[in-house]
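File shown: upload_34.cif. Contents: mmCIF, C-alpha atoms and all ligand atoms.
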```cif
data_target
loop_
_atom_site.label_atom_id
_atom_site.label_comp_id
_atom_site.auth_asym_id
_atom_site.auth_seq_id
_atom_site.Cartn_x
_atom_site.Cartn_y
_atom_site.Cartn_z
CA MET A 1 -22.85 4.41 6.15
CA ILE A 2 -19.07 4.65 6.57
CA THR A 3 -19.31 3.49 10.18
CA ASP A 4 -21.51 0.53 9.21
CA ASN A 5 -19.16 -0.41 6.37
CA VAL A 6 -16.14 -0.33 8.67
CA HIS A 7 -17.84 -2.42 11.33
CA ALA A 8 -18.94 -5.02 8.78
CA LEU A 9 -15.46 -5.10 7.28
CA LEU A 10 -13.68 -5.47 10.62
CA SER A 11 -15.92 -8.32 11.66
CA GLU A 12 -15.32 -10.10 8.36
CA LEU A 13 -11.56 -9.62 8.67
CA ALA A 14 -11.53 -10.78 12.28
CA GLY A 15 -11.07 -14.37 11.18
CA GLY A 16 -7.70 -13.53 9.60
CA ASN A 17 -6.37 -14.60 6.23
CA GLY A 18 -5.99 -18.05 4.71
CA LYS A 19 -2.77 -18.51 6.68
CA GLY A 20 -4.39 -17.58 9.98
CA GLU A 21 -2.65 -14.19 10.15
CA ALA A 22 -4.27 -10.91 11.14
CA VAL A 23 -5.26 -8.68 8.22
CA THR A 24 -4.82 -4.89 8.39
CA PRO A 25 -7.34 -2.81 6.45
CA VAL A 26 -6.03 0.47 5.01
CA ALA A 27 -8.65 3.04 4.03
CA ALA A 28 -7.81 4.30 0.52
CA THR A 29 -8.86 7.91 0.94
CA LYS A 30 -8.44 9.57 -2.47
CA THR A 31 -11.19 12.13 -3.13
CA ARG A 32 -12.57 11.72 0.43
CA THR A 33 -12.91 14.61 2.85
CA PRO A 34 -11.15 14.73 6.23
CA GLU A 35 -14.61 14.37 7.85
CA GLU A 36 -15.24 11.12 6.01
CA ILE A 37 -11.77 9.86 6.84
CA ASN A 38 -12.16 10.77 10.50
CA GLU A 39 -15.45 8.87 10.60
CA ALA A 40 -13.66 5.75 9.33
CA ILE A 41 -10.94 6.19 11.94
CA GLU A 42 -13.47 6.61 14.73
CA ALA A 43 -15.21 3.44 13.54
CA GLY A 44 -11.98 1.48 13.98
CA ILE A 45 -9.73 1.99 10.93
CA ALA A 46 -6.15 2.53 12.10
CA ASP A 47 -4.41 3.00 8.74
CA VAL A 48 -5.18 5.44 5.94
CA GLY A 49 -3.57 5.74 2.51
CA GLU A 50 -3.49 8.55 -0.02
CA ASN A 51 -2.31 8.09 -3.57
CA LYS A 52 -1.50 11.69 -4.44
CA VAL A 53 1.02 13.86 -2.63
CA GLN A 54 -1.24 16.89 -3.02
CA GLU A 55 -4.08 15.18 -1.13
CA PHE A 56 -1.72 13.65 1.42
CA THR A 57 -0.41 17.11 2.30
CA ALA A 58 -3.70 18.98 2.09
CA LYS A 59 -5.52 16.67 4.50
CA PHE A 60 -2.60 15.83 6.76
CA ASP A 61 -3.51 18.05 9.72
CA ALA A 62 -7.29 17.73 9.44
CA VAL A 63 -7.22 13.94 9.69
CA ARG A 64 -7.06 12.88 13.32
CA GLY A 65 -4.83 9.93 14.12
CA GLY A 66 -4.25 6.92 11.93
CA ARG A 67 -1.03 5.64 10.46
CA ARG A 68 -0.44 7.56 7.22
CA HIS A 69 0.38 5.49 4.18
CA PHE A 70 1.27 6.63 0.71
CA ILE A 71 -0.07 4.18 -1.87
CA GLY A 72 0.14 5.92 -5.26
CA HIS A 73 2.79 6.44 -7.89
CA LEU A 74 5.38 8.78 -6.38
CA GLN A 75 7.32 11.22 -8.54
CA THR A 76 10.88 11.76 -7.35
CA ASN A 77 10.40 15.55 -7.21
CA LYS A 78 7.62 15.07 -4.65
CA VAL A 79 9.47 12.76 -2.27
CA LYS A 80 10.42 15.74 -0.11
CA TYR A 81 6.81 16.31 0.91
CA LEU A 82 6.53 12.85 2.46
CA VAL A 83 9.76 12.91 4.43
CA GLY A 84 9.03 12.78 8.15
CA LYS A 85 5.31 12.37 7.49
CA ALA A 86 4.56 9.06 5.79
CA ASP A 87 4.45 6.08 8.13
CA LEU A 88 4.59 3.64 5.23
CA ILE A 89 5.28 4.21 1.54
CA GLN A 90 3.69 1.26 -0.21
CA SER A 91 4.67 2.19 -3.74
CA LEU A 92 8.45 1.80 -3.90
CA ASP A 93 8.36 0.83 -7.56
CA ARG A 94 11.77 1.69 -9.01
CA THR A 95 15.41 2.10 -8.04
CA GLU A 96 15.44 5.79 -8.98
CA LEU A 97 12.75 6.41 -6.34
CA ALA A 98 14.71 4.45 -3.74
CA ASP A 99 17.79 6.58 -4.50
CA GLU A 100 15.85 9.81 -3.99
CA LEU A 101 14.17 8.54 -0.81
CA GLN A 102 17.53 7.47 0.58
CA LYS A 103 19.05 10.87 -0.15
CA ARG A 104 16.19 12.87 1.35
CA ALA A 105 15.69 10.59 4.36
CA GLU A 106 19.38 10.62 5.22
CA ARG A 107 19.49 14.39 5.02
CA ALA A 108 16.50 14.61 7.40
CA GLY A 109 17.73 11.93 9.81
CA TRP A 110 14.64 9.90 9.00
CA THR A 111 13.94 6.32 7.96
CA ALA A 112 11.39 5.61 5.24
CA ASN A 113 9.29 2.50 5.88
CA CYS A 114 8.48 1.03 2.49
CA LEU A 115 6.88 -1.83 0.63
CA LEU A 116 8.36 -2.97 -2.65
CA GLU A 117 5.70 -2.71 -5.36
CA VAL A 118 5.46 -5.63 -7.73
CA ASN A 119 3.72 -5.36 -11.10
CA ILE A 120 2.08 -8.73 -10.63
CA GLY A 121 0.12 -8.76 -13.88
CA SER A 122 3.03 -7.41 -16.00
CA GLU A 123 0.77 -4.53 -17.04
CA LEU A 124 2.20 -1.68 -19.10
CA SER A 125 -0.17 0.74 -17.36
CA LYS A 126 1.22 -0.11 -13.92
CA SER A 127 4.56 0.47 -12.34
CA GLY A 128 6.55 -1.82 -10.09
CA PHE A 129 9.25 -4.45 -10.25
CA SER A 130 8.51 -7.57 -12.23
CA LEU A 131 7.86 -10.82 -10.41
CA ALA A 132 11.17 -12.12 -11.77
CA GLU A 133 13.24 -9.23 -10.42
CA ALA A 134 11.37 -8.73 -7.12
CA LYS A 135 13.60 -10.86 -4.87
CA ASP A 136 16.88 -9.32 -6.03
CA ALA A 137 15.43 -5.81 -5.96
CA TYR A 138 14.14 -6.37 -2.44
CA LYS A 139 17.54 -7.51 -1.27
CA SER A 140 19.37 -4.58 -2.77
CA LEU A 141 16.90 -1.90 -1.62
CA ALA A 142 16.70 -3.39 1.89
CA ALA A 143 20.40 -2.59 2.17
CA TYR A 144 19.82 1.18 1.80
CA PRO A 145 20.55 2.55 5.28
CA ASN A 146 17.60 4.96 5.46
CA LEU A 147 15.01 2.65 3.92
CA HIS A 148 13.25 0.05 6.03
CA LEU A 149 11.58 -2.53 3.81
CA GLU A 150 8.59 -4.16 5.46
CA GLY A 151 7.16 -6.26 2.66
CA LEU A 152 5.49 -6.24 -0.73
CA MET A 153 2.59 -4.48 -2.40
CA ALA A 154 0.74 -5.51 -5.54
CA MET A 155 -2.35 -4.61 -7.51
CA LEU A 156 -4.16 -7.35 -9.38
CA PRO A 157 -5.13 -6.74 -12.99
CA VAL A 158 -8.80 -6.38 -13.82
CA SER A 159 -10.01 -9.78 -14.97
CA ASN A 160 -12.95 -12.14 -14.63
CA ASP A 161 -10.64 -15.13 -14.72
CA ILE A 162 -10.60 -16.11 -11.07
CA ALA A 163 -8.18 -18.99 -11.60
CA TYR A 164 -5.68 -16.59 -13.19
CA LEU A 165 -6.06 -14.03 -10.38
CA ARG A 166 -5.70 -16.74 -7.77
CA ALA A 167 -2.49 -17.96 -9.40
CA LEU A 168 -1.09 -14.41 -9.33
CA CYS A 169 -2.02 -14.01 -5.65
CA LEU A 170 -0.38 -17.30 -4.76
CA SER A 171 2.81 -16.40 -6.60
CA MET A 172 2.96 -13.12 -4.66
CA ARG A 173 2.56 -15.01 -1.42
CA GLU A 174 5.28 -17.43 -2.47
CA ILE A 175 7.74 -14.60 -3.11
CA TYR A 176 6.74 -12.98 0.17
CA ASP A 177 7.38 -16.23 2.04
CA THR A 178 10.74 -16.70 0.33
CA ILE A 179 11.92 -13.20 1.25
CA ARG A 180 10.55 -13.53 4.77
CA MET A 181 12.54 -16.70 5.38
CA LYS A 182 15.72 -14.64 5.22
CA ASP A 183 14.40 -11.29 6.40
CA ALA A 184 11.98 -11.21 9.34
CA ASP A 185 11.33 -7.48 8.76
CA CYS A 186 9.37 -8.57 5.70
CA ARG A 187 5.97 -9.00 7.33
CA ILE A 188 3.45 -7.18 5.12
CA LEU A 189 1.85 -8.45 1.93
CA SER A 190 -0.42 -5.60 0.80
CA MET A 191 -2.73 -6.96 -1.86
CA GLY A 192 -6.47 -6.51 -2.35
CA MET A 193 -8.84 -3.65 -3.23
CA SER A 194 -12.63 -3.38 -2.98
CA GLY A 195 -13.29 -5.70 -5.92
CA ASP A 196 -10.85 -8.48 -5.13
CA TRP A 197 -9.85 -8.36 -1.48
CA ARG A 198 -11.61 -11.56 -0.41
CA LEU A 199 -9.67 -13.61 -2.93
CA CYS A 200 -6.41 -11.90 -1.91
CA VAL A 201 -7.01 -12.50 1.80
CA GLU A 202 -7.85 -16.13 1.16
CA CYS A 203 -4.53 -16.48 -0.71
CA GLY A 204 -2.46 -14.97 2.11
CA SER A 205 -2.58 -11.19 1.82
CA ASN A 206 -2.33 -9.57 5.25
CA MET A 207 -3.08 -5.97 4.26
CA VAL A 208 -5.92 -4.71 2.07
CA ARG A 209 -6.42 -1.20 0.66
CA LEU A 210 -10.09 -0.32 0.44
CA GLY A 211 -11.79 2.76 -0.94
CA THR A 212 -15.29 2.13 -2.24
CA ALA A 213 -15.88 -0.77 0.18
CA ILE A 214 -15.53 1.73 3.04
CA PHE A 215 -16.68 5.06 1.61
CA GLY A 216 -19.01 4.09 -1.24
CA ALA A 217 -18.68 5.14 -4.88
CA ARG A 218 -16.07 7.81 -5.59
CA ARG A 219 -17.33 11.28 -6.47
CA ALA A 220 -14.54 12.43 -8.78
CA PRO A 221 -12.42 9.99 -10.74
CA ALA A 222 -8.79 9.84 -9.61
CA ALA A 223 -6.48 10.13 -12.58
CA ASN A 224 -4.08 7.38 -11.57
CA ALA A 225 -6.47 5.06 -9.76
C1 LIG B 301 -7.82 3.68 -4.91
C2 LIG B 301 -6.84 2.66 -4.53
C3 LIG B 301 -7.21 1.51 -3.83
C4 LIG B 301 -8.65 1.21 -3.43
O1 LIG B 301 -9.50 1.16 -4.50
P1 LIG B 301 -11.03 0.67 -4.33
O2 LIG B 301 -11.32 -0.11 -5.54
O3 LIG B 301 -11.85 1.89 -4.20
O4 LIG B 301 -11.07 -0.15 -3.09
C5 LIG B 301 -6.23 0.61 -3.49
N1 LIG B 301 -4.95 0.79 -3.82
C6 LIG B 301 -4.54 1.89 -4.49
C7 LIG B 301 -3.10 2.03 -4.82
C8 LIG B 301 -5.47 2.85 -4.87
O5 LIG B 301 -5.05 3.92 -5.55
#
```
Output the structure of this file as structure tokens.
Amino acid sequence: MITDNVHALLSELAGGNGKGEAVTPVAATKTRTPEEINEAIEAGIADVGENKVQEFTAKFDAVRGGRRHFIGHLQTNKVKYLVGKADLIQSLDRTELADELQKRAERAGWTANCLLEVNIGSELSKSGFSLAEAKDAYKSLAAYPNLHLEGLMAMLPVSNDIAYLRALCLSMREIYDTIRMKDADCRILSMGMSGDWRLCVECGSNMVRLGTAIFGARRAPAANA
């Protein structure tokens, strides 16, 4: 089933996004076993993302290959476990986290590749910089010597109002384009999960994070999903 899902997904993504850019699928692997993750990788998934440090660490050696992303809320006291291991931290959601990452990365002689997380729907339950502060925050965090900012990440709110969601997606793309005009390292717009990725891709997302669309329904609920 996983293999079939990945093949179907890759063929659908092959056409690129609404801007004609390639789209990178990231398997969101919370609650999944290393065997399931390895099956997705063998089927053609090149990027995998965990959203808890505990799972990231526990499965690290058993998962074979794949770029390792961290996509969940990251507590500052757990940053140390990702140093030297995470290929991309998608959830850089506050200055305090950037400060800790900078400190730890510098000490280890490492550079942390990151995406700035934007709280696109201004939801109290979600973290991230506001749309209004995103550009300035990006500029200031991109100047940290041991952080390498590669773009933006956002999670759409849950809503049936497609026009509203589309407007949010387009404003994310607009901010992404504005930052990218001055900073060519900004090349990833990570937006889209199993329920909304088609809309996001149509509106210019070039990275989607998919759990249930690849692995099926989750067994155990993830506390901060
Ligand atoms: C779980 C998760 C996803 C994927 O969720 P699905 O709805 O299963 O596709 C994407 N992004 C983050 C940050 C997640 O925690």
- Residues within 8 Å of ligand LIG 301 (chain B), counting all atoms listed in the file, as a list of chain:residue names: A:Ala27, A:Ala28, A:Thr29, A:Lys30, A:Glu50, A:Asn51, A:Ile71, A:Gly72, A:His73, A:Ser91, A:Met155, A:Gly192, A:Met193, A:Ser194, A:Gly195, A:Val208, A:Arg209, A:Leu210, A:Gly211, A:Thr212, A:Ala213, A:Ile214, A:Ala217, A:Arg218, A:Ala222, A:Asn224, A:Ala225
- Work out how far apart CA of Met172 in chain A and CA of Val83 in chain A are and give it in Å to one decimal.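 Going from CA of Met172 in chain A over to CA of Val83 in chain A covers 28.4 Å.
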- Message: Give me the residues near Ser159 in chain A as number ranges by chain, where near means some atom within 12 Å (using all atoms listed in the file) and where sequence neighbours in that chain fewer than 6 positions away do not count.
- Response: A: 121, 165-166, 168, 195-196
With only C-alpha atoms counted and 12 Å as the cut-off, give the residues of range 21-64 of chain A in contact with range 200-203 of chain A, each with its shortest interatomic distance in Å and the pair that gives it, as a Markdown table.
```
| residue | atom | partner | partner_atom | distance |
| --- | --- | --- | --- | --- |
| A:Glu21 | CA | A:Val201 | CA | 9.6 |
| A:Ala22 | CA | A:Val201 | CA | 9.9 |
| A:Val23 | CA | A:Val201 | CA | 7.7 |
| A:Thr24 | CA | A:Val201 | CA | 10.3 |
| A:Pro25 | CA | A:Val201 | CA | 10.8 |
```
- Message: Can you pull out the residues contacting Glu150 in chain A? Cut-off 8 Å, using all atoms listed in the file, and skip same-chain residues under 6 positions away; I want them as a ChimeraX atom specification.
- Response: /A:113-115,185-188
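Checking A:Ile45, A:Leu147, A:Ala40, A:Ala167 one by one against Glu106 in chain A, counting only C-alpha atoms, you find the shortest gap at A:Leu147.
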- Query: So how many Å separate CA of Met191 in chain A and CA of Ile120 in chain A, to one decimal?
  - Reply: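 The value is 10.2 Å.
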Enclose all atoms of range 74-85 of chain A listed in the file in an axis-aligned box, grow every side by 5 Å, and hand back centre and edge lengths in Å to one decimal, as JSON.
```
{"center_x": 8.1, "center_y": 12.5, "center_z": -0.2, "size_x": 15.6, "size_y": 17.5, "size_z": 26.7}
```
- Task: Within 7 Å of range 65-67 of chain A, counting all atoms listed in the file, which residues show up once you throw out same-chain ones fewer than 5 positions away? Write them as a list in words, please.
- Result: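 Near neighbours after the sequence-gap exclusion: Ile41, Ala46, Asp47, Val48 and Asp87 of chain A.
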- Message: For a cutoff of 6 Å around the file-coordinate point (-1.0, -10.6, 4.2), which residues qualify once you count only C-alpha atoms? I'd like the result as a VMD selection string.
- Response: chain A and resid 188 to 189 204 to 207
- Task: Could you tell me how far CA of Leu74 in chain A lies from CA of Ala112 in chain A, in Å and to one decimal?
- Result: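 CA of Ala112 in chain A lies at a distance of 13.5 Å from CA of Leu74 in chain A.
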- Query: Near Val118 in chain A, counting only C-alpha atoms, which residues have an atom at most 10 Å away, once you skip same-chain residues fewer than 3 positions from it, shown as a PyMOL selection string?
  - Reply: chain A and resi 91-94+115+121-122+126-134+152-156+172
Test item: which residues lie within 12 Å of (-16.0, 13.6, 8.3) counting all atoms listed in the file, as a PDB file with C-alpha atoms, in the frame of the given file:
```pdb
ATOM      1  CA  MET A   1     -22.850   4.410   6.150  1.00  0.00           C
ATOM      2  CA  ILE A   2     -19.070   4.650   6.570  1.00  0.00           C
ATOM      3  CA  THR A   3     -19.310   3.490  10.180  1.00  0.00           C
ATOM      4  CA  THR A  29      -8.860   7.910   0.940  1.00  0.00           C
ATOM      5  CA  ARG A  32     -12.570  11.720   0.430  1.00  0.00           C
ATOM      6  CA  THR A  33     -12.910  14.610   2.850  1.00  0.00           C
ATOM      7  CA  PRO A  34     -11.150  14.730   6.230  1.00  0.00           C
ATOM      8  CA  GLU A  35     -14.610  14.370   7.850  1.00  0.00           C
ATOM      9  CA  GLU A  36     -15.240  11.120   6.010  1.00  0.00           C
ATOM     10  CA  ILE A  37     -11.770   9.860   6.840  1.00  0.00           C
ATOM     11  CA  ASN A  38     -12.160  10.770  10.500  1.00  0.00           C
ATOM     12  CA  GLU A  39     -15.450   8.870  10.600  1.00  0.00           C
ATOM     13  CA  ALA A  40     -13.660   5.750   9.330  1.00  0.00           C
ATOM     14  CA  ILE A  41     -10.940   6.190  11.940  1.00  0.00           C
ATOM     15  CA  GLU A  42     -13.470   6.610  14.730  1.00  0.00           C
ATOM     16  CA  ALA A  43     -15.210   3.440  13.540  1.00  0.00           C
ATOM     17  CA  LYS A  59      -5.520  16.670   4.500  1.00  0.00           C
ATOM     18  CA  ALA A  62      -7.290  17.730   9.440  1.00  0.00           C
ATOM     19  CA  VAL A  63      -7.220  13.940   9.690  1.00  0.00           C
ATOM     20  CA  ARG A  64      -7.060  12.880  13.320  1.00  0.00           C
ATOM     21  CA  PHE A 215     -16.680   5.060   1.610  1.00  0.00           C
TER      22      PHE A 215
END
```
- Message: I'd like to know which of A:Asn119, A:Gln54, A:Thr178, A:Asn160 is closest to Lys139 in chain A, using all atoms listed in the file.
- Response: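 The closest residue to Lys139 in chain A is A:Thr178.
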- Message: I need the residue nearest Gln90 in chain A from this list: A:Arg68, A:Arg173, A:Lys19, A:Lys103. Use only C-alpha atoms for the distance.
- Response: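 Closest to Gln90 in chain A of all the choices is A:Arg68.
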Supply range 94-107 of chain A as a PDB file, in the frame of the given file, with N, CA, C and O atoms built in where the input has gaps.
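Everything below was put into rebuild.pdb:
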```pdb
ATOM      1  N   ARG A  94      10.619   1.607  -8.114  1.00  0.00           N
ATOM      2  CA  ARG A  94      11.770   1.690  -9.010  1.00  0.00           C
ATOM      3  C   ARG A  94      13.004   2.131  -8.228  1.00  0.00           C
ATOM      4  O   ARG A  94      12.869   2.816  -7.211  1.00  0.00           O
ATOM      5  N   THR A  95      14.159   1.802  -8.735  1.00  0.00           N
ATOM      6  CA  THR A  95      15.410   2.100  -8.040  1.00  0.00           C
ATOM      7  C   THR A  95      15.647   3.607  -7.935  1.00  0.00           C
ATOM      8  O   THR A  95      16.129   4.097  -6.919  1.00  0.00           O
ATOM      9  N   GLU A  96      15.277   4.334  -8.982  1.00  0.00           N
ATOM     10  CA  GLU A  96      15.440   5.790  -8.980  1.00  0.00           C
ATOM     11  C   GLU A  96      14.703   6.427  -7.791  1.00  0.00           C
ATOM     12  O   GLU A  96      15.195   7.377  -7.171  1.00  0.00           O
ATOM     13  N   LEU A  97      13.518   5.899  -7.476  1.00  0.00           N
ATOM     14  CA  LEU A  97      12.750   6.410  -6.340  1.00  0.00           C
ATOM     15  C   LEU A  97      13.454   6.059  -5.021  1.00  0.00           C
ATOM     16  O   LEU A  97      13.519   6.880  -4.104  1.00  0.00           O
ATOM     17  N   ALA A  98      13.975   4.859  -4.936  1.00  0.00           N
ATOM     18  CA  ALA A  98      14.710   4.450  -3.740  1.00  0.00           C
ATOM     19  C   ALA A  98      15.925   5.359  -3.516  1.00  0.00           C
ATOM     20  O   ALA A  98      16.216   5.760  -2.383  1.00  0.00           O
ATOM     21  N   ASP A  99      16.611   5.707  -4.591  1.00  0.00           N
ATOM     22  CA  ASP A  99      17.790   6.580  -4.500  1.00  0.00           C
ATOM     23  C   ASP A  99      17.401   7.953  -3.935  1.00  0.00           C
ATOM     24  O   ASP A  99      18.082   8.497  -3.069  1.00  0.00           O
ATOM     25  N   GLU A 100      16.299   8.495  -4.448  1.00  0.00           N
ATOM     26  CA  GLU A 100      15.850   9.810  -3.990  1.00  0.00           C
ATOM     27  C   GLU A 100      15.375   9.753  -2.534  1.00  0.00           C
ATOM     28  O   GLU A 100      15.677  10.643  -1.735  1.00  0.00           O
ATOM     29  N   LEU A 101      14.634   8.702  -2.191  1.00  0.00           N
ATOM     30  CA  LEU A 101      14.170   8.540  -0.810  1.00  0.00           C
ATOM     31  C   LEU A 101      15.360   8.428   0.144  1.00  0.00           C
ATOM     32  O   LEU A 101      15.366   9.027   1.217  1.00  0.00           O
ATOM     33  N   GLN A 102      16.335   7.644  -0.250  1.00  0.00           N
ATOM     34  CA  GLN A 102      17.530   7.470   0.580  1.00  0.00           C
ATOM     35  C   GLN A 102      18.211   8.815   0.818  1.00  0.00           C
ATOM     36  O   GLN A 102      18.542   9.174   1.945  1.00  0.00           O
ATOM     37  N   LYS A 103      18.375   9.567  -0.247  1.00  0.00           N
ATOM     38  CA  LYS A 103      19.050  10.870  -0.150  1.00  0.00           C
ATOM     39  C   LYS A 103      18.306  11.823   0.779  1.00  0.00           C
ATOM     40  O   LYS A 103      18.879  12.400   1.692  1.00  0.00           O
ATOM     41  N   ARG A 104      17.012  11.947   0.550  1.00  0.00           N
ATOM     42  CA  ARG A 104      16.190  12.870   1.350  1.00  0.00           C
ATOM     43  C   ARG A 104      16.062  12.420   2.800  1.00  0.00           C
ATOM     44  O   ARG A 104      16.074  13.228   3.725  1.00  0.00           O
ATOM     45  N   ALA A 105      15.879  11.115   3.002  1.00  0.00           N
ATOM     46  CA  ALA A 105      15.690  10.590   4.360  1.00  0.00           C
ATOM     47  C   ALA A 105      16.980  10.755   5.165  1.00  0.00           C
ATOM     48  O   ALA A 105      16.949  11.164   6.334  1.00  0.00           O
ATOM     49  N   GLU A 106      18.089  10.488   4.523  1.00  0.00           N
ATOM     50  CA  GLU A 106      19.380  10.620   5.220  1.00  0.00           C
ATOM     51  C   GLU A 106      19.599  12.058   5.660  1.00  0.00           C
ATOM     52  O   GLU A 106      19.982  12.336   6.790  1.00  0.00           O
ATOM     53  N   ARG A 107      19.314  12.972   4.738  1.00  0.00           N
ATOM     54  CA  ARG A 107      19.490  14.390   5.020  1.00  0.00           C
ATOM     55  C   ARG A 107      18.621  14.824   6.205  1.00  0.00           C
ATOM     56  O   ARG A 107      19.001  15.687   6.989  1.00  0.00           O
TER      57      ARG A 107
END
```
